[in-house]
file data_38.txt (compact mmCIF, C-alpha atoms)
# COMPACT_ATOMS: atom_id res chain seq x y z
CA MET Y 802 8.46 -29.22 9.32
CA LYS Y 803 10.56 -27.56 12.00
CA ILE Y 804 9.86 -23.85 12.22
CA SER Y 805 12.12 -21.67 14.33
CA TYR Y 806 10.75 -18.53 15.87
CA TYR Y 807 12.90 -15.42 15.45
CA PRO Y 808 11.75 -12.70 17.89
CA GLY Y 809 14.14 -9.78 17.27
CA CYS Y 810 15.35 -7.25 19.82
CA THR Y 811 12.33 -5.02 20.32
CA LEU Y 812 9.98 -7.90 21.09
CA LYS Y 813 11.94 -8.65 24.23
CA TYR Y 814 11.53 -5.16 25.61
CA LYS Y 815 9.40 -2.32 24.22
CA ALA Y 816 7.16 -4.55 22.14
CA LYS Y 817 6.89 -7.50 24.49
CA ASN Y 818 3.12 -7.34 24.00
CA LEU Y 819 3.50 -8.26 20.32
CA GLU Y 820 5.30 -11.43 21.38
CA THR Y 821 3.42 -12.53 24.49
CA ALA Y 822 0.06 -12.27 22.72
CA ALA Y 823 1.41 -14.24 19.75
CA LEU Y 824 2.88 -17.04 21.84
CA ALA Y 825 -0.27 -17.37 23.94
CA SER Y 826 -2.32 -17.50 20.71
CA LEU Y 827 -0.14 -20.18 19.16
CA ASP Y 828 -0.50 -22.18 22.33
CA ALA Y 829 -4.29 -21.86 22.16
CA LEU Y 830 -4.21 -22.87 18.49
CA GLY Y 831 -2.10 -25.92 19.27
CA ILE Y 832 0.92 -24.88 17.20
CA GLU Y 833 4.37 -25.37 18.58
CA VAL Y 834 7.23 -23.11 17.60
CA GLU Y 835 10.58 -23.00 19.25
CA GLU Y 836 12.54 -19.80 19.72
CA MET Y 837 15.79 -20.21 17.88
CA ASP Y 838 18.95 -20.47 19.88
CA ARG Y 839 21.61 -17.72 19.70
CA TRP Y 840 19.74 -15.30 17.47
CA ASN Y 841 21.20 -11.86 16.86
CA CYS Y 842 20.12 -8.50 15.42
CA CYS Y 843 18.40 -8.74 12.02
CA GLY Y 844 19.99 -5.45 10.94
CA ALA Y 845 16.63 -3.62 11.11
CA VAL Y 846 17.05 -2.08 7.66
CA PHE Y 847 18.22 -3.81 4.52
CA SER Y 848 21.33 -2.34 2.93
CA LEU Y 849 20.59 -0.95 -0.50
CA ALA Y 850 24.13 -0.25 -1.66
CA ASN Y 851 25.70 -2.68 -4.10
CA ASP Y 852 29.02 -2.83 -2.30
CA ASP Y 853 27.68 -3.10 1.25
CA LEU Y 854 27.89 -6.75 2.17
CA ILE Y 855 29.04 -6.36 5.76
CA HIS Y 856 25.51 -5.46 6.83
CA MET Y 857 24.23 -8.74 5.35
CA VAL Y 858 26.24 -10.67 7.89
CA GLY Y 859 23.72 -10.05 10.70
CA PRO Y 860 20.61 -11.37 8.96
CA VAL Y 861 22.49 -14.16 7.18
CA ARG Y 862 23.96 -15.36 10.47
CA ASN Y 863 20.41 -15.80 11.80
CA LEU Y 864 19.41 -17.75 8.71
CA LEU Y 865 22.36 -20.08 8.81
CA ARG Y 866 21.88 -20.54 12.54
CA ALA Y 867 18.34 -21.75 11.80
CA LYS Y 868 19.72 -24.13 9.16
CA GLU Y 869 22.33 -25.37 11.60
CA GLN Y 870 19.61 -26.09 14.15
CA GLY Y 871 17.67 -28.16 11.63
CA ALA Y 872 14.87 -25.67 10.91
CA GLU Y 873 13.30 -25.53 7.48
CA ALA Y 874 11.72 -22.16 8.09
CA ILE Y 875 11.87 -19.24 10.45
CA VAL Y 876 8.88 -17.17 11.41
CA THR Y 877 8.94 -13.55 12.53
CA LEU Y 878 6.35 -11.26 14.06
CA CYS Y 879 8.04 -7.92 13.50
CA SER Y 880 7.60 -6.55 9.97
CA MET Y 881 11.08 -5.07 9.84
CA CYS Y 882 12.76 -8.30 10.89
CA TYR Y 883 10.67 -10.12 8.31
CA ASN Y 884 11.70 -7.73 5.55
CA THR Y 885 15.41 -7.75 6.36
CA LEU Y 886 15.65 -11.52 6.79
CA ALA Y 887 13.57 -12.29 3.69
CA ARG Y 888 15.65 -9.95 1.52
CA ALA Y 889 18.96 -11.27 2.83
CA ASN Y 890 17.65 -14.77 2.14
CA LEU Y 891 16.81 -13.87 -1.46
CA LEU Y 892 20.27 -12.44 -1.94
CA MET Y 893 21.82 -15.67 -0.68
CA LYS Y 894 19.57 -17.69 -2.98
CA ASN Y 895 19.96 -15.66 -6.15
CA ASP Y 896 23.32 -13.91 -6.16
CA PRO Y 897 26.14 -16.47 -6.36
CA VAL Y 898 28.94 -13.89 -6.29
CA LYS Y 899 27.75 -12.05 -3.18
CA ARG Y 900 26.77 -15.34 -1.54
CA ASP Y 901 30.24 -16.69 -2.05
CA THR Y 902 31.85 -13.54 -0.60
CA ILE Y 903 29.59 -13.65 2.47
CA ASN Y 904 30.12 -17.37 3.02
CA ARG Y 905 33.88 -16.97 2.76
CA PHE Y 906 33.84 -13.99 5.12
CA MET Y 907 31.98 -16.06 7.70
CA ASP Y 908 34.42 -18.95 7.45
CA ASP Y 909 33.79 -19.99 11.04
CA GLU Y 910 30.17 -20.75 10.15
CA ILE Y 911 28.51 -23.32 7.89
CA ASP Y 912 27.89 -22.24 4.30
CA TYR Y 913 24.44 -20.92 3.54
CA PHE Y 914 22.62 -21.01 0.20
CA GLY Y 915 19.18 -19.66 1.08
CA GLU Y 916 17.72 -23.00 2.12
CA VAL Y 917 15.61 -21.74 5.02
CA GLU Y 918 12.22 -20.18 4.23
CA VAL Y 919 11.30 -16.91 5.93
CA TYR Y 920 7.67 -16.59 6.98
CA HIS Y 921 5.74 -13.83 8.57
CA PHE Y 922 3.38 -14.91 11.34
CA LEU Y 923 0.36 -13.94 9.19
CA ASN Y 924 1.46 -16.37 6.47
CA LEU Y 925 2.02 -19.03 9.07
CA ILE Y 926 -1.48 -18.74 10.49
CA LYS Y 927 -3.10 -18.88 7.07
CA ASN Y 928 -0.97 -21.68 5.63
CA GLU Y 929 -0.31 -23.88 8.65
CA ILE Y 930 -3.56 -23.39 10.53
CA GLY Y 931 -6.12 -21.88 8.15
CA TRP Y 932 -8.94 -19.46 8.83
CA GLU Y 933 -11.52 -22.19 9.49
CA ALA Y 934 -9.43 -23.77 12.22
CA VAL Y 935 -8.87 -20.35 13.77
CA GLN Y 936 -12.59 -19.63 13.64
CA GLU Y 937 -13.36 -22.82 15.53
CA LYS Y 938 -11.20 -21.62 18.40
CA VAL Y 939 -12.73 -18.15 18.67
CA LYS Y 940 -14.18 -17.65 22.14
CA THR Y 941 -14.68 -13.89 22.20
CA PRO Y 942 -15.71 -12.67 18.74
CA LEU Y 943 -14.67 -9.10 17.98
CA THR Y 944 -18.25 -8.22 17.16
CA ASP Y 945 -18.93 -4.51 16.68
CA LEU Y 946 -15.25 -3.64 16.50
CA LYS Y 947 -14.29 -1.69 13.40
CA VAL Y 948 -10.72 -2.53 12.55
CA ALA Y 949 -8.34 -1.00 10.01
CA SER Y 950 -5.40 -3.16 8.92
CA TYR Y 951 -2.14 -1.29 8.63
CA TYR Y 952 0.71 -2.97 6.72
CA GLY Y 953 3.19 -0.09 6.49
CA CYS Y 954 6.12 -0.43 4.12
CA THR Y 955 7.91 -3.58 5.02
CA LEU Y 956 5.23 -6.27 4.71
CA GLN Y 957 4.66 -5.59 1.02
CA ARG Y 958 7.67 -3.89 -0.46
CA PRO Y 959 9.73 -4.71 -2.36
CA GLU Y 960 7.39 -6.96 -4.28
CA GLU Y 961 9.64 -10.04 -4.23
CA VAL Y 962 9.41 -10.37 -0.43
CA GLY Y 963 5.86 -9.06 0.05
CA ILE Y 964 3.64 -11.30 2.14
CA GLU Y 965 1.00 -10.68 -0.54
CA PRO Y 966 0.74 -8.61 -3.73
CA ILE Y 967 1.05 -4.85 -3.40
CA GLY Y 968 -2.27 -3.17 -2.65
CA LYS Y 969 -3.89 -6.30 -1.20
CA PHE Y 970 -4.43 -6.55 2.52
CA SER Y 971 -6.29 -9.82 2.62
CA LEU Y 972 -4.11 -11.65 5.16
CA MET Y 973 -4.92 -9.22 7.95
CA ASN Y 974 -8.43 -8.47 6.74
CA GLU Y 975 -9.34 -12.15 6.48
CA LEU Y 976 -7.89 -12.80 9.91
CA PHE Y 977 -9.92 -10.03 11.52
CA SER Y 978 -13.08 -11.07 9.65
CA THR Y 979 -12.50 -14.59 10.94
CA LEU Y 980 -12.30 -13.16 14.44
CA GLY Y 981 -15.63 -11.42 13.91
CA ALA Y 982 -14.48 -7.83 13.44
CA GLU Y 983 -15.80 -5.39 10.89
CA ILE Y 984 -13.12 -4.36 8.38
CA VAL Y 985 -12.57 -0.71 7.54
CA THR Y 986 -10.51 -0.03 4.43
CA PHE Y 987 -8.64 3.23 4.05
CA ASP Y 988 -6.12 4.91 1.80
CA GLY Y 989 -2.96 4.63 3.83
CA ALA Y 990 -2.68 0.97 4.79
CA ASP Y 991 0.65 0.69 2.98
CA LYS Y 992 1.92 4.24 3.48
CA CYS Y 993 5.02 4.87 5.57
CA CYS Y 994 4.45 5.84 9.22
CA GLY Y 995 7.55 8.06 9.25
CA SER Y 996 9.82 5.21 10.32
CA TYR Y 997 13.02 6.21 12.16
CA GLN Y 998 12.70 9.79 10.87
CA VAL Y 999 11.15 10.68 14.21
CA MET Y 1000 14.71 10.77 15.56
CA CYS Y 1001 15.34 13.90 13.47
CA GLU Y 1002 12.10 15.67 14.35
CA GLU Y 1003 10.44 17.37 17.24
CA ILE Y 1004 7.79 15.26 18.96
CA GLY Y 1005 4.42 15.66 17.24
CA ASP Y 1006 5.84 16.73 13.88
CA ASN Y 1007 5.40 13.36 12.20
CA ASN Y 1008 3.04 14.22 9.37
CA ALA Y 1009 3.31 10.81 7.72
CA ALA Y 1010 1.85 9.15 10.85
CA ALA Y 1011 -0.82 11.84 11.17
CA LYS Y 1012 -2.02 11.18 7.62
CA VAL Y 1013 -2.32 7.43 8.22
CA LEU Y 1014 -4.26 7.98 11.46
CA SER Y 1015 -6.56 10.59 9.95
CA ALA Y 1016 -7.34 8.47 6.89
CA ALA Y 1017 -8.28 5.48 9.07
CA SER Y 1018 -10.32 7.60 11.51
CA THR Y 1019 -12.19 9.35 8.71
CA ASN Y 1020 -13.31 6.00 7.33
CA GLY Y 1021 -14.72 5.04 10.71
CA ALA Y 1022 -12.03 2.78 12.16
CA GLU Y 1023 -12.16 2.25 15.91
CA ALA Y 1024 -8.81 0.50 16.06
CA LEU Y 1025 -5.71 0.51 13.89
CA VAL Y 1026 -3.77 -2.73 13.81
CA THR Y 1027 -0.12 -3.24 12.94
CA SER Y 1028 2.63 -5.84 13.15
CA CYS Y 1029 5.59 -3.48 13.51
CA PRO Y 1030 6.94 -2.04 16.78
CA LEU Y 1031 8.23 1.03 14.97
CA CYS Y 1032 4.82 1.70 13.40
CA GLU Y 1033 3.20 1.15 16.79
CA PHE Y 1034 5.53 3.73 18.33
CA ASN Y 1035 4.85 6.33 15.62
CA LEU Y 1036 1.13 5.68 15.26
CA GLY Y 1037 0.12 4.53 18.73
CA LYS Y 1038 2.35 6.33 21.19
CA GLN Y 1039 2.66 9.77 19.59
CA GLN Y 1040 -1.02 10.63 19.32
CA ASP Y 1041 -1.15 13.09 22.21
CA ALA Y 1042 1.71 15.05 20.67
CA LEU Y 1043 0.08 14.92 17.22
CA LEU Y 1044 -3.17 16.16 18.77
CA ASP Y 1045 -1.36 19.00 20.59
CA LYS Y 1046 0.15 20.18 17.34
CA GLY Y 1047 -3.18 19.92 15.52
CA ARG Y 1048 -1.94 17.31 13.07
CA ILE Y 1049 -4.78 14.93 13.96
CA THR Y 1050 -8.21 15.82 15.29
CA GLU Y 1051 -9.12 12.55 16.99
CA THR Y 1052 -7.26 9.68 18.56
CA LEU Y 1053 -7.34 6.12 17.28
CA PRO Y 1054 -6.38 3.18 19.50
CA THR Y 1055 -3.48 1.32 17.88
CA LEU Y 1056 -2.47 -2.21 18.78
CA TYR Y 1057 -0.80 -5.34 17.44
CA PHE Y 1058 -2.62 -7.93 15.34
CA THR Y 1059 -1.50 -10.63 17.77
CA GLN Y 1060 -3.29 -8.85 20.61
CA LEU Y 1061 -6.58 -8.94 18.71
CA LEU Y 1062 -6.02 -12.60 17.91
CA ALA Y 1063 -5.29 -13.42 21.56
CA ILE Y 1064 -8.37 -11.51 22.75
CA SER Y 1065 -10.67 -13.43 20.46
CA LEU Y 1066 -9.09 -16.75 21.43
CA GLY Y 1067 -10.10 -15.99 25.00
CA ILE Y 1068 -6.59 -15.32 26.33
CA ALA Y 1069 -6.67 -13.51 29.69
CA SER Y 1070 -6.12 -9.76 29.52
CA GLU Y 1071 -3.07 -10.08 31.79
CA GLU Y 1072 -1.24 -11.84 28.94
CA LEU Y 1073 -1.96 -9.17 26.36
CA GLY Y 1074 0.64 -6.72 27.64
CA LEU Y 1075 -1.80 -3.83 27.33
CA GLU Y 1076 0.24 -1.76 29.77
CA LEU Y 1077 2.75 -1.32 26.92
CA ASN Y 1078 0.10 0.14 24.62
CA ASP Y 1079 -1.30 3.62 24.84
CA ALA Y 1080 -3.97 3.72 27.59
CA GLN Y 1081 -6.79 4.26 25.08
CA VAL Y 1082 -6.38 0.68 23.78
CA ALA Y 1083 -7.44 -0.88 27.10
CA GLN Y 1084 -10.25 1.65 27.38
CA LEU Y 1085 -11.59 0.71 23.95
CA LEU Y 1086 -11.40 -3.01 24.64
CA GLU Y 1087 -13.09 -2.59 28.00
CA SER Y 1088 -15.87 -0.51 26.51
CA LYS Y 1089 -16.46 -3.26 23.94
CA LYS Y 1090 -16.42 -5.84 26.74
CA LEU Y 1091 -13.67 -7.81 25.03
CA LEU Y 1092 -11.36 -8.34 27.97
CA VAL Y 1093 -11.49 -11.44 30.12
CA ALA Y 1094 -9.64 -11.76 33.41
CA ALA Y 1095 -7.48 -14.75 34.22
CA MET H 1001 13.47 24.99 -13.16
CA THR H 1002 16.52 25.67 -15.31
CA LEU H 1003 19.64 23.83 -14.29
CA PRO H 1004 22.64 26.00 -15.05
CA LEU H 1005 25.39 23.55 -15.90
CA ASN H 1006 29.09 24.31 -15.81
CA PRO H 1007 32.22 22.34 -14.92
CA GLN H 1008 32.19 23.73 -11.38
CA ARG H 1009 28.71 22.44 -10.67
CA VAL H 1010 28.83 19.11 -12.45
CA SER H 1011 30.74 16.13 -11.15
CA VAL H 1012 30.82 13.52 -13.90
CA ASP H 1013 32.58 11.25 -11.47
CA SER H 1014 29.58 11.27 -9.14
CA ILE H 1015 27.25 9.99 -11.89
CA SER H 1016 29.27 6.81 -12.17
CA LYS H 1017 29.65 6.64 -8.39
CA ILE H 1018 25.87 6.77 -7.87
CA LYS H 1019 25.44 4.17 -10.58
CA GLU H 1020 28.07 1.94 -9.01
CA LEU H 1021 26.64 2.21 -5.48
CA SER H 1022 22.98 1.91 -6.42
CA GLY H 1023 23.30 -0.42 -9.37
CA GLU H 1024 20.60 1.68 -11.02
CA ASN H 1025 20.66 3.41 -14.39
CA ILE H 1026 19.71 6.94 -13.34
CA LYS H 1027 19.84 8.10 -16.95
CA ALA H 1028 16.68 6.07 -17.58
CA CYS H 1029 14.65 8.53 -15.49
CA MET H 1030 12.30 10.50 -17.75
CA GLN H 1031 11.27 13.00 -15.07
CA CYS H 1032 7.62 11.96 -14.95
CA GLY H 1033 7.36 12.71 -11.21
CA THR H 1034 5.59 9.48 -10.25
CA CYS H 1035 8.13 9.07 -7.44
CA THR H 1036 7.22 12.44 -5.98
CA VAL H 1037 3.52 11.63 -6.00
CA ALA H 1038 4.16 8.27 -4.34
CA CYS H 1039 6.55 9.60 -1.69
CA PRO H 1040 5.01 9.97 1.80
CA MET H 1041 7.83 12.30 2.86
CA ALA H 1042 7.89 14.51 -0.26
CA GLU H 1043 6.23 17.50 1.33
CA GLU H 1044 8.94 17.66 3.99
CA MET H 1045 11.75 17.52 1.45
CA ASP H 1046 13.69 20.58 0.27
CA PHE H 1047 13.51 19.12 -3.23
CA PHE H 1048 11.09 16.46 -4.40
CA PRO H 1049 12.43 13.03 -5.42
CA ARG H 1050 11.96 13.88 -9.12
CA LYS H 1051 14.32 16.81 -8.78
CA VAL H 1052 16.84 14.80 -6.79
CA MET H 1053 16.84 12.30 -9.65
CA HIS H 1054 17.44 15.19 -12.07
CA PHE H 1055 20.35 16.54 -10.02
CA SER H 1056 21.77 13.02 -9.86
CA GLN H 1057 21.47 12.53 -13.61
CA PHE H 1058 23.61 15.60 -14.15
CA GLY H 1059 26.06 14.76 -11.38
CA MET H 1060 25.19 17.89 -9.43
CA LEU H 1061 26.42 16.66 -6.08
CA SER H 1062 27.33 20.13 -4.84
CA ARG H 1063 23.72 21.23 -5.40
CA MET H 1064 22.60 18.40 -3.15
CA GLU H 1065 25.11 18.93 -0.35
CA ASP H 1066 22.80 20.72 2.06
CA ILE H 1067 19.39 19.43 1.07
CA ASN H 1068 17.38 17.14 3.32
CA SER H 1069 15.62 15.12 0.59
CA TYR H 1070 17.64 11.92 0.67
CA TRP H 1071 17.87 12.04 4.48
CA LYS H 1072 14.08 12.27 4.69
CA CYS H 1073 13.77 9.15 2.52
CA ALA H 1074 12.98 6.21 4.82
CA SER H 1075 13.49 3.57 2.08
CA CYS H 1076 9.80 2.66 2.07
CA HIS H 1077 10.04 1.77 -1.64
CA SER H 1078 6.76 3.48 -2.57
CA CYS H 1079 8.57 5.19 -5.44
CA SER H 1080 10.55 2.13 -6.48
CA VAL H 1081 7.49 -0.07 -6.97
CA ARG H 1082 5.76 2.59 -9.06
CA CYS H 1083 8.58 3.91 -11.26
CA PRO H 1084 7.54 3.32 -14.88
CA ARG H 1085 11.21 3.13 -15.87
CA GLY H 1086 11.92 0.42 -13.33
CA ILE H 1087 14.44 2.45 -11.34
CA ASP H 1088 14.82 1.49 -7.70
CA ILE H 1089 14.86 5.11 -6.54
CA ALA H 1090 15.29 4.11 -2.90
CA LYS H 1091 18.69 2.72 -3.90
CA VAL H 1092 19.64 6.03 -5.50
CA MET H 1093 18.69 7.84 -2.28
CA GLU H 1094 20.77 5.37 -0.29
CA SER H 1095 23.79 5.99 -2.49
CA LEU H 1096 23.44 9.76 -1.98
CA ARG H 1097 23.39 9.21 1.79
CA LEU H 1098 26.42 6.95 1.60
CA LEU H 1099 28.40 9.45 -0.46
CA VAL H 1100 28.13 11.76 2.57
CA LEU H 1101 28.33 9.17 5.37
CA ARG H 1102 31.46 7.63 3.89
CA THR H 1103 33.31 10.91 4.38
CA ASN H 1104 32.82 10.33 8.13
CA LYS H 1105 29.98 12.78 8.48
CA ASN H 1106 26.88 12.05 10.52
CA TYR H 1107 23.43 13.41 9.73
CA ILE H 1108 22.38 13.05 13.36
CA GLU H 1109 24.65 12.98 16.37
CA PRO H 1110 23.66 10.14 18.71
CA SER H 1111 25.24 11.94 21.68
CA GLN H 1112 22.96 14.95 21.10
CA ILE H 1113 19.72 12.97 21.45
CA PRO H 1114 18.18 13.73 24.86
CA LYS H 1115 18.25 10.79 27.28
CA GLU H 1116 14.50 10.89 27.86
CA LYS H 1117 13.90 10.40 24.13
CA LEU H 1118 16.34 7.50 23.97
CA LYS H 1119 14.45 5.83 26.79
CA GLU H 1120 11.24 5.99 24.78
CA TYR H 1121 12.55 4.88 21.41
CA PRO H 1122 12.04 1.22 20.51
CA GLY H 1123 15.32 -0.59 19.83
CA ILE H 1124 14.44 -1.16 16.22
CA MET H 1125 14.11 2.57 15.65
CA MET H 1126 17.57 3.30 16.97
CA VAL H 1127 19.23 0.52 15.02
CA ALA H 1128 17.47 1.63 11.83
CA GLY H 1129 18.08 5.35 12.40
CA PHE H 1130 21.74 5.01 13.31
CA ARG H 1131 22.31 2.66 10.37
CA LYS H 1132 20.81 5.12 7.91
CA LEU H 1133 21.89 8.44 9.38
CA THR H 1134 25.32 7.95 10.92
CA SER H 1135 28.63 6.90 9.44
call {"tool": "encode", "arguments": {"input": "data_38.txt", "output": "C-alpha cells"}}
result
Amino acid sequence: MKISYYPGCTLKYKAKNLETAALASLDALGIEVEEMDRWNCCGAVFSLANDDLIHMVGPVRNLLRAKEQGAEAIVTLCSMCYNTLARANLLMKNDPVKRDTINRFMDDEIDYFGEVEVYHFLNLIKNEIGWEAVQEKVKTPLTDLKVASYYGCTLQRPEEVGIEPIGKFSLMNELFSTLGAEIVTFDGADKCCGSYQVMCEEIGDNNAAAKVLSAASTNGAEALVTSCPLCEFNLGKQQDALLDKGRITETLPTLYFTQLLAISLGIASEELGLELNDAQVAQLLESKKLLVAA
Amino acid sequence: MTLPLNPQRVSVDSISKIKELSGENIKACMQCGTCTVACPMAEEMDFFPRKVMHFSQFGMLSRMEDINSYWKCASCHSCSVRCPRGIDIAKVMESLRLLVLRTNKNYIEPSQIPKEKLKEYPGIMMVAGFRKLTS
C-alpha cells in the first residue's frame, strides 16, 4: 500500500522537531513513506457552516493530489491537519451534493470521492508496525520517565474522525509503555489547550493551558506529550508567562510524541530538534540520561 | 434570568439564519447546561454556552452583539459530543461568528498584532485564528 506523508506548514518551520524525529524514527523502524508532491495548506480548522464549501477546497485538493499520485492513504503528524483532512474526506465520501459541487468547482482537477484513507501517525505505527516490532527496536528505554499523554481536541473529536473512542488514550499510552515509560493519567488529556485564542489574549492569560499543565503536574507527570504544534506552543512555550502570572505553580517539560519515540529508538540527540522545544525539555532528558550523541 | 421579549429584541429571521448556517435544530436545546460544564473556555465567557443557546433559540441577536462567548469558543467540540439532545453546539457558535464576520467586521485586526508576537506564533495558529476571527 502506498502511503503519502502530508507534513503541513508548521512542520517545516516552527515544529520541525515533530517532523525530523518522526522521519528518523520511521527510518529506524524500516518503514518508508514518501512526502507527497505539491501539498498545500490543510485549512487548519474545519469549516462548520453548512454553506461554506470554499474552505473545503484546500484539504480536498491535498486528498485528490494523493489519489492522483497513486497513494491509497495519507499520514499526518499534526493533529490539526489530521482532523481537517479526515473531516473533509468524510464529507467527500458521504455527502453527494456537496461532493458534486466541490468537484465541479475544481474542474481543472480529477474528481474525488473520498477514496484515500487519512491516518494519523499513531494509527500507522500501531497498525503497520505494531507495538511488539517497535519494542524490539528500543535501544534506550524510557525507564523512570513519568509521561502524561495529551490528545487535545482534534485527535478525538468529533467522534467520527477520532483516532480512538472518546475518553480512551490507549494509542499514546501503549506506545509510551512499549518504550518503557511510566504512564501518568490525568483529567485534562482531551481538554482544549486554548487553541488560537492566545491571539486575543495577553501572554500568560491562557487559563485553559494552565489547567491542563496543573492537572498533569499534580498527578506526578514529568513530561507532557502532544502531537500538535499549537498545543506545544500553548503548553510548552508559555510556561514562564503562566508562572509569572501565578496560573501554574510548577513547570512541566512538554514535547512531541515523535521525539520520545526517536529517543528510545536510539536516534542521536542532534536529530531531535530539541533547540525548538523549551529549554527544560533537554534538561529533563539529560538528567534522565536519555540523550545519545551522534 | 428572565428574558424580556419584545419585537425590538427578537429577530425571528435570525433563528432561521442560525438554523440554516449551522444545520442544527436549536429549538431542541432543553437548557440542561451540559455544554457549559463541558466547555473549557466557559469561565472566560461573558455568557455561558447554555445562555448563548437560549438567546439563539429566541433570536436575540442584538443581545449577543457585544458578548465574547462565541468568539471564545475554539470549536473543540467538548459540548457537541456531550449534548444529550444531539446538537452540535460548536456549529451554532460558528454560525454566530459568521453572522458578524459576513458583515465585513473582524474580531481581531491582524495589523494590530505586534510583530514580535507574530514571529513567535506557529503558522497553524495564525491560519486557524485568522480563519475564525477575521472576515
call {"tool": "interface_residues", "arguments": {"input": "data_38.txt", "of": "chain H", "to": "chain Y", "cutoff": "9 Å", "atoms": "all atoms listed in the file", "output": "PyMOL selection string"}}
result
chain H and resi 1020-1023+1039-1041+1044+1071-1078+1080-1081+1090-1092+1094-1095+1098+1107-1108+1113+1117+1120-1132
call {"tool": "residues_near_point", "arguments": {"input": "data_38.txt", "point": "(27.3, 7.5, 6.5)", "cutoff": "7 Å", "atoms": "only C-alpha atoms", "output": "MDAnalysis selection string"}}
result
chainID H and resid 1097:1098 1100:1102 1104:1106 1133:1135
call {"tool": "closest_residue", "arguments": {"input": "data_38.txt", "among": "H:Lys1115, H:Gly1059, H:Glu1065, H:Gly1086", "to": "Gln1008 (chain H)", "atoms": "all atoms listed in the file"}}
result
H:Gly1059
call {"tool": "residues_around", "arguments": {"input": "data_38.txt", "residues": "Phe922 (chain Y)", "least_positions_apart": "4", "cutoff": "7 Å", "atoms": "all atoms listed in the file", "output": "PDB file with C-alpha atoms, in the frame of the given file"}}
result
ATOM      1  CA  VAL Y 876       8.880 -17.170  11.410  1.00  0.00           C
ATOM      2  CA  THR Y 877       8.940 -13.550  12.530  1.00  0.00           C
ATOM      3  CA  LEU Y 878       6.350 -11.260  14.060  1.00  0.00           C
ATOM      4  CA  ILE Y 926      -1.480 -18.740  10.490  1.00  0.00           C
TER       5      ILE Y 926
END
call {"tool": "atom_distance", "arguments": {"input": "data_38.txt", "atom1": "CA of Ser880 (chain Y)", "atom2": "CA of Leu956 (chain Y)"}}
result
5.8 Å
call {"tool": "atom_distance", "arguments": {"input": "data_38.txt", "atom1": "CA of Leu865 (chain Y)", "atom2": "CA of Ile911 (chain Y)"}}
result
7.0 Å
call {"tool": "closest_residue", "arguments": {"input": "data_38.txt", "among": "Y:Tyr883, Y:Trp932, Y:Phe977, Y:Phe987", "to": "Phe1058 (chain Y)", "atoms": "all atoms listed in the file"}}
result
Y:Phe977
call {"tool": "atom_distance", "arguments": {"input": "data_38.txt", "atom1": "CA of Leu1003 (chain H)", "atom2": "CA of Phe1058 (chain H)"}}
result
9.1 Å
call {"tool": "closest_residue", "arguments": {"input": "data_38.txt", "among": "H:Pro1084, H:Gln1057, H:Gln1031, H:Thr1036", "to": "Ser1014 (chain H)", "atoms": "only C-alpha atoms"}}
result
H:Gln1057
call {"tool": "residues_around", "arguments": {"input": "data_38.txt", "residues": "Phe1055 (chain H)", "least_positions_apart": "4", "cutoff": "12 Å", "atoms": "all atoms listed in the file", "output": "count of residues only"}}
result
34
